[in-house]
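To keep things clear, I will list the structure first and then write my remarks on it.
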Amino acid sequence: MTQSTVILVLVIVTALGFDFTNGFHDTANAMATSIATGALRPKVAVALSGALNLVGAFLSVEVALTVTNAVVKLQNSNGTPKASLTADGGEALLLIILAGLVGGIIWNLLTWLLGLPSSSSHALFGGLIGATVAGLGWAGVNWNGNGTKLDGVVGKVILPAVLSPVIAGIVAGVGTWLIYRAVVGVAQKYTDNGFRWGQIGSASLVSLAHGTNDAQKTMGVITLALIASGHWTSTSSIPFWVKVCCALAIAMGTYLGGWRIIRTLGKGLVEIAPPQGMAAESASAAVILASSHLGFALSTTHVATGSILGSGVGKPGAQVRWRVAGRMVSAWLITLPAAALVGALMWYLGDLISGVAGAIVIFLLLLGAAGYMYLRSRKEPVSHENVNDEWDEVTTPSERVPAGSAN
Amino acid sequence: MGHNLQFTFEAAWKVLLAGLVLGAGLPLLFALGVRSLAWGAGGDAETHAAGSAGPKAQPIGTVIGWLLFAVVLAGIALGITFIVASGLGKQLSFEHVFPTIVNKH
C-alpha cells in the first residue's frame, strides 16, 4: 500500500462515519412529530425512516460529484479535481477532505450531545470550507458564485438557511390553522386517529427525500477522493460499492435514532397534537421537494424546525417554547464557523506532521473526541424509552451549587 | 452578493407558493376528508350534547371523505414520482398542466 492509499482509506472510513452521523442527526426531522404524538412507536418510527432513507439513497443515481463546488474550489467544473492538488497521489486534496470531514463529524456529535438539531450539510460544508481556507487560503473558497446562478457560500448556504425555516414556518402555520378550522365540531378522538395516518404518510415522504438528498453528498465526496488518488476516472458515474456503503451508513445511522434530538424537536419546542404533526410534516415535505426542484439548496433540519414552530404558532392557544427555539437558532448560526474552525485546525495539524502520520493523528483525534462525547452522553442517556417524557424546562444539573454555599 | 439575493428571492417566493398549495392545501383536503367521514359516521364521531345520541349518520359524507383522501393520495404519488424521477436524471414537467416525466435539460 502506498502512502496515499492509506490516507484514502482513512478518508473513506471518515466519510462513511460522517454519513452515519448525518443519519442519526436527522432522524428527528422526519420522525420527531410522529413519535411525540404516538402515531408510531419510537422503534417502529426509526425503522421506517431508516428503510426509506436506504431506498432514497439508491434512488439518487444522479451524479453528485460537484457537490463541493458550491462552496470550495477544489474541482474543475467537470468534476475532476484541480491538477495542482493531485500531485503526490492526491495527498494534498485528501488531507483537505479528511480534515473537513473530521470538522463536520465533531460538530455533529457535539450538537447531538446537547440535543440540538443543527444542519448536517452546514457541518460538512463548514468543515470543508475551514480545511480549504487553511490549505489553499481564502481564495480557495467560492464565497459568492460568478453571478450567473444561485451559487457560493452566500447563495447555496447562508441565504437559504435564513429563508427556508421562515417559509416552512409560514406553510405549517397556515396549514395548522386551516386544519383546526376544518375539523371544528368533530370529536377529538376521531380527528386524532385520522391525522395519525396522515402524519405517517407525510413523515415517510420526508424520510425518502432525505435519503436522496443527503446520502448523495457523501457519495460525491468519496468519489472525489477516489479520483484524486487515481482509483477512479469517470466523472459521470459513481462506483456501485460507494453507493451501497453510503446508503447503508445513512440508513443505519437513521435506525440508531438520535434520541436526544428527537426529544428536543418532538417535545421541547411545542406540545404537538396529531393535526399539528401532520401539518408540520406536510409543510416540510412540500418545501423540501419544491426547493430541490428549483435548485434552492436547503437543510432538512432548518425546514423541519421551522415547520414545527409554525405548527405551534398556527394552533390557537398552543404554547411555543421560544427559549428552546432561540438555543437552536444560535446553534445554527455557529454550526458553519465552528465546523470550519475544527476543519482548519485539523488541516494545520495534519500538515504539520505531514504525510500518512498526519492523517492518522487527525483520525485518532476524531476517534478520541467521538469516544469522549459518547461517554458523556451515557451520563444522561436519552433512548426510545424516555424520549417522550414530559419536557421539564428546569433541567439544570443538580451538581450546580450556588456560589458561596460550597464548603 | 446582490445577484445571489435576487436569485434567492426569485426562488423563495416560488417555494413558498408551492409549499402553500401542496404543504397546506393537501392537509386541508385531508382535514375536510376527516370531517366528511365524521359526518358520514355520525354519533360519537361528532361533538354533541352529552346524553343525546349524536347526529344521524350521513352515508354521502363517507363517500365525499374517501374522494378527498383519493385526491390527497394522488398528491403524495406525485411527490414520490418527483423524487424518483429527479433521482433518475429526469424531471417532472407541468408544461402541459398534467405532470409528465421529461429528461432534465
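In the C-alpha cells, chains take letters A, B, ... by order of appearance, with residues numbered from 1 within each chain and ligands from 1 in the order shown.
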
Within 7 Å of Val72 in chain B using only C-alpha atoms, minus same-chain residues under 2 positions, as JSON, numbers by chain: {"B": [26, 29, 30, 68, 69, 70, 74, 75, 76]}

What's the 10 Å shell around Ser34 in chain A, counting only C-alpha atoms, without same-chain residues fewer than 2 positions away, as an MDAnalysis selection string? chainID A and resid 28 30:32 36:42 45 196:197 199:200 202:203 266 272:274 277:278 281

Create the file for the chosen residues now, containing N, CA, C and O atoms and written as a JSON list (two decimals), in the first residue's frame.
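Final file, result10.json:
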[["chain", "number", "residue", "atom", "x", "y", "z"],
["A", 28, "ALA", "N", -34.74, 12.90, 13.51],
["A", 28, "ALA", "CA", -35.75, 13.73, 14.14],
["A", 28, "ALA", "C", -36.54, 14.55, 13.14],
["A", 28, "ALA", "O", -37.73, 14.78, 13.32],
["A", 30, "ALA", "N", -37.74, 13.92, 10.31],
["A", 30, "ALA", "CA", -38.90, 13.23, 9.75],
["A", 30, "ALA", "C", -39.78, 12.66, 10.85],
["A", 30, "ALA", "O", -41.00, 12.68, 10.74],
["A", 31, "MET", "N", -39.18, 12.14, 11.91],
["A", 31, "MET", "CA", -39.95, 11.29, 12.81],
["A", 31, "MET", "C", -40.27, 11.89, 14.18],
["A", 31, "MET", "O", -41.06, 11.31, 14.92],
["A", 32, "ALA", "N", -39.68, 13.03, 14.55],
["A", 32, "ALA", "CA", -39.91, 13.56, 15.89],
["A", 32, "ALA", "C", -41.39, 13.77, 16.18],
["A", 32, "ALA", "O", -41.88, 13.40, 17.25],
["A", 36, "ALA", "N", -43.67, 11.90, 18.96],
["A", 36, "ALA", "CA", -44.23, 12.70, 20.04],
["A", 36, "ALA", "C", -45.74, 12.50, 20.17],
["A", 36, "ALA", "O", -46.28, 12.50, 21.27],
["A", 37, "THR", "N", -46.43, 12.35, 19.05],
["A", 37, "THR", "CA", -47.89, 12.21, 19.13],
["A", 37, "THR", "C", -48.32, 10.77, 19.32],
["A", 37, "THR", "O", -49.50, 10.48, 19.46],
["A", 38, "GLY", "N", -47.36, 9.85, 19.30],
["A", 38, "GLY", "CA", -47.72, 8.45, 19.47],
["A", 38, "GLY", "C", -48.28, 7.81, 18.21],
["A", 38, "GLY", "O", -48.84, 6.71, 18.26],
["A", 39, "ALA", "N", -48.15, 8.49, 17.07],
["A", 39, "ALA", "CA", -48.64, 7.90, 15.82],
["A", 39, "ALA", "C", -47.85, 6.62, 15.51],
["A", 39, "ALA", "O", -48.37, 5.66, 14.96],
["A", 40, "LEU", "N", -46.57, 6.64, 15.85],
["A", 40, "LEU", "CA", -45.73, 5.46, 15.65],
["A", 40, "LEU", "C", -44.97, 5.20, 16.95],
["A", 40, "LEU", "O", -44.55, 6.14, 17.62],
["A", 41, "ARG", "N", -44.77, 3.93, 17.28],
["A", 41, "ARG", "CA", -43.91, 3.64, 18.42],
["A", 41, "ARG", "C", -42.49, 4.02, 18.03],
["A", 41, "ARG", "O", -42.10, 3.87, 16.87],
["A", 42, "PRO", "N", -41.69, 4.51, 18.99],
["A", 42, "PRO", "CA", -40.36, 5.03, 18.64],
["A", 42, "PRO", "C", -39.53, 4.08, 17.79],
["A", 42, "PRO", "O", -38.95, 4.49, 16.78],
["A", 45, "ALA", "N", -40.86, 3.86, 14.28],
["A", 45, "ALA", "CA", -40.62, 5.10, 13.53],
["A", 45, "ALA", "C", -39.21, 5.12, 12.95],
["A", 45, "ALA", "O", -39.02, 5.41, 11.77],
["A", 196, "ARG", "N", -53.22, 10.82, 12.59],
["A", 196, "ARG", "CA", -52.03, 9.99, 12.81],
["A", 196, "ARG", "C", -51.63, 9.33, 11.50],
["A", 196, "ARG", "O", -50.46, 9.25, 11.16],
["A", 197, "TRP", "N", -52.64, 8.88, 10.74],
["A", 197, "TRP", "CA", -52.32, 8.26, 9.45],
["A", 197, "TRP", "C", -51.71, 9.25, 8.48],
["A", 197, "TRP", "O", -50.72, 8.97, 7.80],
["A", 199, "GLN", "N", -50.08, 11.83, 9.22],
["A", 199, "GLN", "CA", -48.76, 12.14, 9.72],
["A", 199, "GLN", "C", -47.73, 11.11, 9.28],
["A", 199, "GLN", "O", -46.62, 11.45, 8.87],
["A", 200, "ILE", "N", -48.10, 9.84, 9.38],
["A", 200, "ILE", "CA", -47.17, 8.77, 8.99],
["A", 200, "ILE", "C", -46.83, 8.90, 7.51],
["A", 200, "ILE", "O", -45.67, 8.80, 7.10],
["A", 202, "SER", "N", -46.93, 11.65, 5.55],
["A", 202, "SER", "CA", -46.09, 12.81, 5.21],
["A", 202, "SER", "C", -44.68, 12.65, 5.78],
["A", 202, "SER", "O", -43.71, 13.05, 5.15],
["A", 203, "ALA", "N", -44.55, 12.02, 6.96],
["A", 203, "ALA", "CA", -43.23, 11.81, 7.54],
["A", 203, "ALA", "C", -42.41, 10.85, 6.67],
["A", 203, "ALA", "O", -41.19, 11.00, 6.52],
["A", 266, "GLY", "N", -39.41, 16.96, 19.15],
["A", 266, "GLY", "CA", -40.77, 16.44, 19.34],
["A", 266, "GLY", "C", -41.45, 16.97, 20.59],
["A", 266, "GLY", "O", -42.65, 17.20, 20.61],
["A", 272, "ILE", "N", -46.98, 18.77, 20.63],
["A", 272, "ILE", "CA", -47.57, 18.55, 19.32],
["A", 272, "ILE", "C", -48.76, 17.59, 19.39],
["A", 272, "ILE", "O", -48.67, 16.51, 19.96],
["A", 273, "ALA", "N", -49.88, 18.00, 18.80],
["A", 273, "ALA", "CA", -51.04, 17.13, 18.65],
["A", 273, "ALA", "C", -51.03, 16.60, 17.22],
["A", 273, "ALA", "O", -50.41, 17.20, 16.34],
["A", 274, "PRO", "N", -51.69, 15.45, 16.98],
["A", 274, "PRO", "CA", -51.62, 14.86, 15.63],
["A", 274, "PRO", "C", -51.93, 15.81, 14.47],
["A", 274, "PRO", "O", -51.22, 15.78, 13.46],
["A", 277, "GLY", "N", -48.87, 17.77, 13.89],
["A", 277, "GLY", "CA", -47.82, 16.91, 13.37],
["A", 277, "GLY", "C", -47.97, 16.73, 11.88],
["A", 277, "GLY", "O", -47.00, 16.81, 11.12],
["A", 278, "MET", "N", -49.21, 16.49, 11.45],
["A", 278, "MET", "CA", -49.41, 16.29, 10.02],
["A", 278, "MET", "C", -49.13, 17.57, 9.25],
["A", 278, "MET", "O", -48.48, 17.55, 8.19],
["A", 281, "GLU", "N", -45.23, 18.03, 9.06],
["A", 281, "GLU", "CA", -44.52, 17.14, 8.14],
["A", 281, "GLU", "C", -44.90, 17.41, 6.68],
["A", 281, "GLU", "O", -44.06, 17.30, 5.79]]

Could you list, as a PyMOL selection string, the residues of chain B having an atom within 9 Å of chain A when counting only C-alpha atoms? chain B and resi 1-9+11-32+34-35+38-39+44-48+76+79-80+82-89+91-92

Could you pull out all residues of chain B with a DSSP call of strand (DSSP E or B) and give them as a ChimeraX atom specification? /B:46,90-93,100-103

Nearest-residue call for Ile334 in chain A, choices A:Ile158, A:Ile7, A:Ile308, A:Ile96, using only C-alpha atoms: A:Ile158

Residues within 12 Å of Gly268 in chain A, please, as a PyMOL selection string. Count only C-alpha atoms; anything in the same chain fewer than 3 positions from it doesn't count. chain A and resi 32-33+36+115-117+260-265+271-272+305+308-309+312+319-328+387-395

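Taking CA of Asn29 in chain A and CA of Gly169 in chain A as endpoints, the distance between them is 13.8 Å.
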
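For the residues A:Thr27, A:Ser119, A:Asn69, A:Gln75, ranking by smallest atom-to-atom distance to Ser299 in chain A using only C-alpha atoms places A:Ser119 first.
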
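Taking CA of Ala123 in chain A and CA of Asn76 in chain A as endpoints, the distance between them is 23.2 Å.
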
Please identify which residues in range 135-303 of chain A DSSP calls helix (DSSP H, G or I) from the backbone, and express them as a PyMOL selection string. chain A and resi 135-136+138-140+152-182+188-228+240-256+259-268+274-294+300-303

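With only C-alpha atoms taken into account, the protein and nucleic acid residues at most 9 Å from Trp66 in chain B (excluding it and anything under 6 positions from it in its own chain) are Gly33, Val34, Ser36 and Leu37 of chain B.
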
Separating CA of Ser229 in chain A from CA of Val6 in chain A, to the nearest tenth of an Å, is a gap of 10.6 Å

Using only C-alpha atoms, which residues sit within 12 Å of Cys246 in chain A once same-chain residues fewer than 4 positions away are excluded, as a PyMOL selection string? chain A and resi 12-23+53-58+60+211-223+238-242+250-253
